[in-house]
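These notes concern the structure reproduced below.
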Amino acid sequence: MLYHLAKFGWTDVALVERSVLTAGSSWHAAGGIHALNGDPNMAALQAYTIDLLSQIEKESDPDIGLHITGGITVTSAPARWEWLQSAYRISQTIGIEDCHLMSPDDIKRKCPIMDTRGVIGGLWADREGYIDTTGTVQAYAGAARKLGAEVIEHNKVEALRQRPDDSWDVVTEKGTIHAEHVVNPGGTWAKQVGRMVGVDLPVSPLAHHYLVTETIPEIAALDFEVPMTVDLEGFTYMRQDQQGILVGIYELNHQHWNIDGAPWDYGFELIQEDTDRIENELVMAYQRYPVLETVGIKNWVNGAFTFSPDGNPLVGPLRGVRNYWLACAVMAGFLQGGCVGKTLAEWMIHGETEADAWPMDVARYGDFASNREYIRQTIGQFYSRRFVMTYPNEQLPAGRPMKKSPAHDAMDAAGAKWGVSWGLEVPLLFAPQGFEETPTLRRSNAFESVAEEVRAVREGVGLIDTSGFSRFEVIGAAAGEWLDEMMASKLPRPGRAKLAPMLAPSGRLKGDLTVFNWGDGTWWIMGSYYLREWHLRWFTDHLRDGVIVRDISDAIVGFALAGPKSREVLARLTHQDVSHAALPFMGCMRMDVGLLRTRVGRLSVCGELGYEINVGAAEHVSLREALLEAGAESGIREFGFYAMNSLRLEKSFGIWSAEFRQEYTPGMTGMDRWIDWSKEFRGREAALREKDGGTASKRLVTLEVDASNADASGYEPVWSDQGRVGYITSGGYGHHLQKSLAMALIDPRHATTGTELSVHVVGELRPARVIDPSPYDPAGRAMRG
Ligand SMILES: Cc1cc2nc3c(=O)[nH]c(=O)nc-3n(C[C@H](O)[C@H](O)[C@H](O)COP(=O)(O)OP(=O)(O)OC[C@H]3O[C@@H](n4cnc5c(N)ncnc54)[C@H](O)[C@@H]3O)c2cc1C
C-alpha cells in the first residue's frame, strides 16, 4: 500500500507500525509464490505481484531472496486431472502463458525427491517459487521511502477519531497524526483496527504449520532447485529451503486461533506445534517425499494468519465510513500483496481501479458475514479446502442455511435443491424425492429435471421464487432527477419498468439494473441480490438532498410466473385487467392477487410472457399457494435457477459477473443499446468516446458449441485459426433448442455470424460458431405477446 500510494504520487503518506516491520504474520511466512488460483480474476491479479517482485528488488536495497524455481500442482485423482486440464486453458485466457501440463515422468525429472506413484499428472507454471519474507517487506518499505513515504515503527495506533470534515485523527502512542485517509492493513489485528471505527470485519486468524528439514543429500546433489510443488490430494505444499525442503500443510482438522484477533502483546512468538492434529496430512507428505523419513527436522513453524470467508482479501472502502479503507485478510501476502496495494492505491487516488476489484472488494459481503459462527464455519471450510477442488455445481455446507425466503420450507417439501446467494438459500431445481446432484465439471444428473423445468416454462407456465433479487426503494422530491443522473437509460414513465445500465465516470459498467416507476412517487431499482452492499455503497456515495434510498430486499420478496400460460394463471387471481393493453411488456402496476395487495411487473428473464409479483415477506407463502392453486389447471411447475440459466442463454441475456463486469464497457457488452445518449448521466463522456471512436476492444457474441457431455462455463479460451481471439463469459445447455450455448467476449473481427471458431471445454477443443443473438424467439414475440 505504502509503495503504491507513493509511486502513484501520494508521497505525504506514513505507515505506523506497532512493533517493527514484519511483526505480524509476515516474518514467519513460508514465502511461497503460486501463479495459479481457483478464481481466474485473483490469478490475474497475482500475476501482477509476481512481476512486481523483481522490480521491487531493483528499486530497493535489500535482497528479497527471489527464487523463481517454477512450480507444479500435482494430482492423483482423475477428476482433478480433468480440472487441471481445464485450469491450464483458463490460465491462457487470463494471460498466464507460461503454463503446461506434465506427465508423472516429467514431474519426476523436475522434482526427483517426489514419489510419483499414483500421480496422474501436473500443471507447471514457470513463474512460481519463493522469496525471503522479511527481505521482501523491507524492500517494499525501502522502495516506498525512496519515493518519499515514511515508516514509523514502535508506535501503536490506539484510536481513530473522525473529524467533521471526514479526515482522521490517528491517535498513536507517540502522539496524534492528522490524516486525510486511513488504511487498515492490520493483518492479524485487522479486526481490532476495524472496531476502532465501529465495524466488525469478517476476518479471522487460523493456525498453520510448516516444517523445514536439515540438508537432504539428494537435494544437495542436484544442480538445480526443486520446484514449488502443491500436492492437491496430500493437502501440502513443498519448496526447497537451502539444501533441505519446507513442507506446509492445510489440514482438514483446522484450528482457529484467537478468532476475534491476536492479543496486542503477540509478536515474534510461534504457536506450539501440534503434530497430532496434522498427523493424517503429515503421513501423506512422508509418502509423497520419502526423503522426509531419513532427514532431521530443523524447524517447526506453527503461525497464525488471517482469512476472509472465501479466502480472498478484504479491500476497499466501507459504506458509511468515509476515507477509511481496508487492505486486510490478505491470506497470501507475498503473492497478493502487490495487487492489493496497486488496487487500493488506484481506488483511493482515482476513485476506481484498473482491473475488476470485485473478488477482493469488501462489499461482496454484508453485515451477515460478521456473525462469529458464520466466520468460524466458512473460514474453517476455506482453510481445509485450500487445495480441494470445488466443482461449479457443488454446494458447500459452511454457514448454511442462514437466510431462507418465507416459502423455503414449502418449496423444500416440493423437492427444491438449494444454492446460496449472499447468505440466502435460492432454489436451483426441483427434483424427485431423494435426488442428490453429483458434483462434476460435466453435465450432471440434474440434466433431465432441468430439461423438464425448461419445457414447462417454454410450453406452459413455470413459477420461480424471486426473493433472490435485490430491491431498492427510491423516494423523495429529487428521486427522479437523481435516478436520471445515475442511470444511463431513459427513465421509465409512470407504470413502466426499464432496463437501466449504470456507469462509473470512466464509462465502465456499474450495474445491469431494472428501474420501476410505480407512478406514486415511488421508484424501485432491482438487481442482483449478491451485489446489495456493493450497489448500496455506490448509491450512498452519490446520494444528494431530497433522495432516500432504502434496501428493501429482505422486506419485499416474490414469485415470478413465466411461460405462455402465465397470463391465464394471473387472470384467475385478480379482478384487474391483465390484458396486453392494460399491462404491456415492461409495464408495472399495483394489483390485488388473491387476498394480497401486490406490485406486479410484466417482464421475464426467461424470454417468455411473464409476471414478477412482489409482496411483503409475510405474504410470500400465501402468494405461492395461491399461484400454484390457480396454476394447477394450466399445469404450472416450479423451476429453479438452473433452468433460468438455460432459458436466459437461449435469449442471449447477459448476467452480472459473467457478461457484465465493472471492467467491461457498454460497447463491449451491448449495454449501449439501452443508453439514452440525448441526456446527461454519470459516465456519459467516456461512454460517448467509446461509441464515437468505435474503440470497444471486444464484442459480446453468442456461440453454438459442438459439445457432447459438458458445456462451457466461463473463462475458457476461444480460438480461431489465427490464435486466441477471446474467452467465454458463461455457457450451458439450451434445453429447449437442444444446443450447447455460450456467450463470449471476442475480437470484433471474429464476431460475424457464421464465423467458425473453437473453444476448450473441460480442457478439450470443441468446434463452435458465432450465431445470431437470441437463438430462441429472436423477435421477442413470446415475451411481448
Ligand atoms: C506459517 C505461515 C505460512 C505462510 N506462508 C505463506 C506463503 O507461503 N506465501 C504467502 O504469500 N503468504 C504466506 N503466509 C501468509 C502471509 O504471512 C500473510 O499473508 C502476510 O504476512 C500478511 O501481511 P499483512 O501485512 O497483511 O499482515 P501482518 O504481517 O500480520 O502485518 C500486520 C501489521 O500490522 C501491525 N499492526 C496491527 N495493528 C496495529 C496498530 N493498532 N498499530 C500499529 N500497527 C499495527 C502489526 O504489528 C503487523 O506488523 C503465511 C503465514 C504463516 C503464518
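We name chains A, B, ... following the order of the C-alpha cells; residues begin at 1 in each chain, and ligands are numbered from 1 as shown.
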Find the residues near ligand 1. Use a cut-off of 6 Å, count only C-alpha atoms and all ligand atoms, and write them as a short mmCIF file (atom, residue, chain, number, x, y, z; two decimals) with N, CA and C atoms, in the first residue's frame.
data_model
loop_
_atom_site.label_atom_id
_atom_site.label_comp_id
_atom_site.auth_asym_id
_atom_site.auth_seq_id
_atom_site.Cartn_x
_atom_site.Cartn_y
_atom_site.Cartn_z
N VAL A 16 2.32 3.39 10.07
CA VAL A 16 2.57 3.37 11.51
C VAL A 16 2.54 1.92 11.97
N GLU A 17 3.63 1.46 12.53
CA GLU A 17 3.78 0.04 12.90
C GLU A 17 3.95 -0.08 14.41
N ARG A 18 3.10 -0.88 15.01
CA ARG A 18 3.07 -1.14 16.44
C ARG A 18 4.43 -1.60 16.99
N SER A 19 5.09 -2.45 16.21
CA SER A 19 6.35 -3.04 16.67
C SER A 19 7.41 -2.70 15.61
N LEU A 21 8.56 -3.64 11.39
CA LEU A 21 8.00 -4.21 10.16
C LEU A 21 8.15 -5.73 10.19
N THR A 22 7.17 -6.41 9.71
CA THR A 22 7.05 -7.89 9.64
C THR A 22 6.54 -8.51 10.93
N ALA A 23 6.23 -7.69 11.95
CA ALA A 23 5.92 -8.23 13.28
C ALA A 23 4.59 -8.98 13.36
N GLY A 24 3.87 -9.08 12.24
CA GLY A 24 2.62 -9.86 12.27
C GLY A 24 2.87 -11.26 11.75
N SER A 25 2.19 -11.60 10.66
CA SER A 25 2.39 -12.92 10.06
C SER A 25 3.62 -12.94 9.17
N SER A 26 4.03 -11.75 8.71
CA SER A 26 4.98 -11.71 7.58
C SER A 26 6.33 -12.35 7.90
N HIS A 28 7.24 -14.89 9.60
CA HIS A 28 7.39 -16.36 9.62
C HIS A 28 6.58 -17.05 8.52
N ALA A 29 6.27 -16.30 7.45
CA ALA A 29 5.57 -16.93 6.32
C ALA A 29 6.53 -17.85 5.58
N ALA A 30 5.93 -18.78 4.84
CA ALA A 30 6.75 -19.71 4.08
C ALA A 30 7.30 -19.07 2.81
N GLY A 31 6.74 -17.94 2.44
CA GLY A 31 7.28 -17.17 1.31
C GLY A 31 7.05 -17.80 -0.05
N GLY A 32 6.10 -18.72 -0.12
CA GLY A 32 5.82 -19.38 -1.40
C GLY A 32 5.06 -18.47 -2.35
N ILE A 33 5.35 -18.62 -3.63
CA ILE A 33 4.66 -17.82 -4.65
C ILE A 33 4.03 -18.78 -5.65
N LYS A 156 2.11 2.16 18.39
CA LYS A 156 0.81 1.53 18.17
C LYS A 156 -0.27 2.60 17.92
N VAL A 157 -1.13 2.32 16.96
CA VAL A 157 -2.32 3.17 16.77
C VAL A 157 -3.34 2.72 17.81
N GLU A 158 -3.78 3.67 18.64
CA GLU A 158 -4.68 3.30 19.74
C GLU A 158 -6.13 3.63 19.45
N PRO A 185 -4.46 -2.05 7.36
CA PRO A 185 -3.79 -3.24 6.87
C PRO A 185 -3.32 -4.07 8.06
N GLY A 186 -4.18 -4.17 9.08
CA GLY A 186 -3.77 -4.66 10.40
C GLY A 186 -3.48 -6.14 10.50
N GLY A 187 -3.56 -6.89 9.41
CA GLY A 187 -3.21 -8.30 9.44
C GLY A 187 -3.94 -9.03 10.55
N THR A 188 -3.18 -9.67 11.41
CA THR A 188 -3.74 -10.48 12.49
C THR A 188 -4.56 -9.64 13.48
N TRP A 189 -4.37 -8.32 13.44
CA TRP A 189 -5.11 -7.42 14.33
C TRP A 189 -6.16 -6.60 13.57
N VAL A 193 -8.57 -3.19 14.60
CA VAL A 193 -8.42 -1.88 13.94
C VAL A 193 -9.74 -1.51 13.25
N HIS A 208 -1.35 -22.33 11.31
CA HIS A 208 -0.88 -23.03 10.11
C HIS A 208 0.55 -23.53 10.34
N HIS A 209 0.79 -24.80 9.98
CA HIS A 209 2.11 -25.42 10.21
C HIS A 209 2.93 -25.56 8.94
N VAL A 301 7.32 -24.58 12.28
CA VAL A 301 6.67 -23.27 12.43
C VAL A 301 5.17 -23.51 12.49
N ASN A 302 4.55 -23.03 13.56
CA ASN A 302 3.09 -23.02 13.64
C ASN A 302 2.71 -21.57 13.90
N GLY A 303 2.24 -20.90 12.86
CA GLY A 303 1.95 -19.47 12.98
C GLY A 303 0.54 -19.15 12.53
N ALA A 304 0.12 -17.92 12.83
CA ALA A 304 -1.26 -17.55 12.51
C ALA A 304 -1.28 -16.52 11.40
N PHE A 305 -2.25 -16.66 10.52
CA PHE A 305 -2.53 -15.59 9.56
C PHE A 305 -4.02 -15.57 9.26
N CYS A 328 -7.04 -5.82 4.23
CA CYS A 328 -6.79 -6.91 5.20
C CYS A 328 -7.30 -8.25 4.70
N VAL A 330 -5.45 -10.59 3.92
CA VAL A 330 -4.59 -10.98 2.79
C VAL A 330 -3.92 -12.30 3.16
N MET A 331 -4.56 -13.35 2.71
CA MET A 331 -4.16 -14.71 3.11
C MET A 331 -2.79 -15.08 2.56
N ALA A 332 -2.46 -14.59 1.37
CA ALA A 332 -1.17 -14.94 0.77
C ALA A 332 -0.47 -13.64 0.38
N GLY A 333 0.03 -12.95 1.38
CA GLY A 333 0.53 -11.60 1.18
C GLY A 333 1.64 -11.50 0.17
N PHE A 334 2.45 -12.56 0.08
CA PHE A 334 3.62 -12.45 -0.79
C PHE A 334 3.28 -12.65 -2.25
N LEU A 335 2.14 -13.26 -2.53
CA LEU A 335 1.76 -13.35 -3.93
C LEU A 335 0.57 -12.46 -4.26
#
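Near Arg109 (chain A), within 12 Å and counting only C-alpha atoms, sit A:Ile72, A:Met102, A:Ser103, A:Pro104, A:Met114, A:Asp115, A:Thr116, A:Leu222, A:Phe224, A:Glu225, A:Val226, A:Pro227; same-chain residues fewer than 5 positions away were not included.
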Determine which residues of region 62-280 of chain A DSSP labels as helix (DSSP H, G or I) from the backbone of this structure, then write them out as a PyMOL selection string.
chain A and resi 78-93+104-110+133-146+187-195+217-220+232-234+279-280
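Pairwise distance (CA of Leu741 (chain A), CA of Asn709 (chain A)) equals 12.7 Å.
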Separation of CA of Asp412 (chain A) from CA of Ile613 (chain A) in Å:
20.5 Å
Write out, as JSON lines, each residue of region 285-372 of chain A that has an atom at most 8 Å from region 652-670 of chain A, together with the closest pair of atoms and their distance in Å to one decimal, counting only C-alpha atoms, rows going by chain and rising number.
{"residue": "A:Glu354", "atom": "CA", "partner": "A:Glu663", "partner_atom": "CA", "distance": 7.5}
{"residue": "A:Ala355", "atom": "CA", "partner": "A:Glu663", "partner_atom": "CA", "distance": 6.2}
{"residue": "A:Asp356", "atom": "CA", "partner": "A:Glu663", "partner_atom": "CA", "distance": 5.2}
Would you put the residues from that selection into a file with C-alpha atoms, as a compact mmCIF listing (two decimals), in the first residue's frame?
# COMPACT_ATOMS: atom_id res chain seq x y z
CA GLU A 354 -7.97 -0.54 -13.32
CA ALA A 355 -8.86 -4.23 -13.01
CA ASP A 356 -12.16 -5.54 -11.68
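For the set A:Arg493, A:Arg637, A:His580, A:Arg673, the residue with the smallest atom-to-atom gap to Asp465 (chain A) is A:Arg637, counting only C-alpha atoms.
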Per-residue DSSP, region 211-347 of chain A, filtered to strand (DSSP E), as JSON, numbers by chain
{"A": [211, 212, 213, 228, 229, 230, 231, 236, 237, 238, 239, 240, 241, 244, 245, 246, 247, 248, 249, 297, 298, 299, 300, 301, 302, 303, 304, 305, 306, 307, 314, 315, 316, 317, 318, 321, 322, 323, 324, 325, 326, 327, 328]}
Would you pick out the contacts of Gly726 (chain A) at 10 Å or less, using only C-alpha atoms, so that residues sharing its chain but fewer than 3 positions from it are not included, and give the list as an MDAnalysis selection string?
chainID A and resid 93 698:700 715:720 723 729 744:748 750 759
At a cut-off of 10 Å, using only C-alpha atoms, what residues contact region 57-67 of chain A? Leave out same-chain residues fewer than 6 positions from it and give the result as a PyMOL selection string.
chain A and resi 31-33+127-147+225+227-228+240
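Comparing A:Phe585, A:Leu596, A:Ala77, A:Ala478 by their smallest distance to Arg781 (chain A), the closest is A:Phe585 (using only C-alpha atoms).
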Interface rows for region 238-320 of chain A against region 380-396 of chain A: nearest pair, Å to one decimal, 8 Å, only C-alpha atoms, as CSV:
residue,atom,partner,partner_atom,distance
A:Tyr250,CA,A:Ser384,CA,5.9
A:Glu251,CA,A:Ser384,CA,5.6
A:Leu252,CA,A:Ser384,CA,4.7
A:Asn253,CA,A:Ser384,CA,7.3
A:His254,CA,A:Ser384,CA,6.4
A:Gln255,CA,A:Gly380,CA,7.6
A:His256,CA,A:Gly380,CA,7.3
A:Pro309,CA,A:Phe382,CA,6.8
A:Asp310,CA,A:Phe382,CA,6.2
A:Gly311,CA,A:Phe382,CA,6.3
Export of the given selection (C-alpha atoms) as a CSV table (one decimal), in the first residue's frame:
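To be explicit, this is the file written out as result-v6.csv:
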chain,number,residue,atom,x,y,z
A,250,TYR,CA,-3.5,-27.3,5.0
A,251,GLU,CA,-5.1,-29.8,7.3
A,252,LEU,CA,-8.7,-31.0,7.4
A,253,ASN,CA,-8.7,-30.7,11.2
A,254,HIS,CA,-8.1,-27.0,11.1
A,255,GLN,CA,-7.7,-24.8,14.2
A,256,HIS,CA,-9.0,-21.2,14.7
A,309,PRO,CA,-14.8,-16.4,4.5
A,310,ASP,CA,-13.9,-17.1,0.8
A,311,GLY,CA,-10.1,-16.7,1.4
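Minimum distance to Ser444 (chain A) across A:Glu373, A:Asp711, A:Glu619, A:Asp265 (counting only C-alpha atoms) occurs at A:Asp711.
Of note, CA of Trp518 (chain A) and CA of Met486 (chain A) are spaced 18.2 Å apart.
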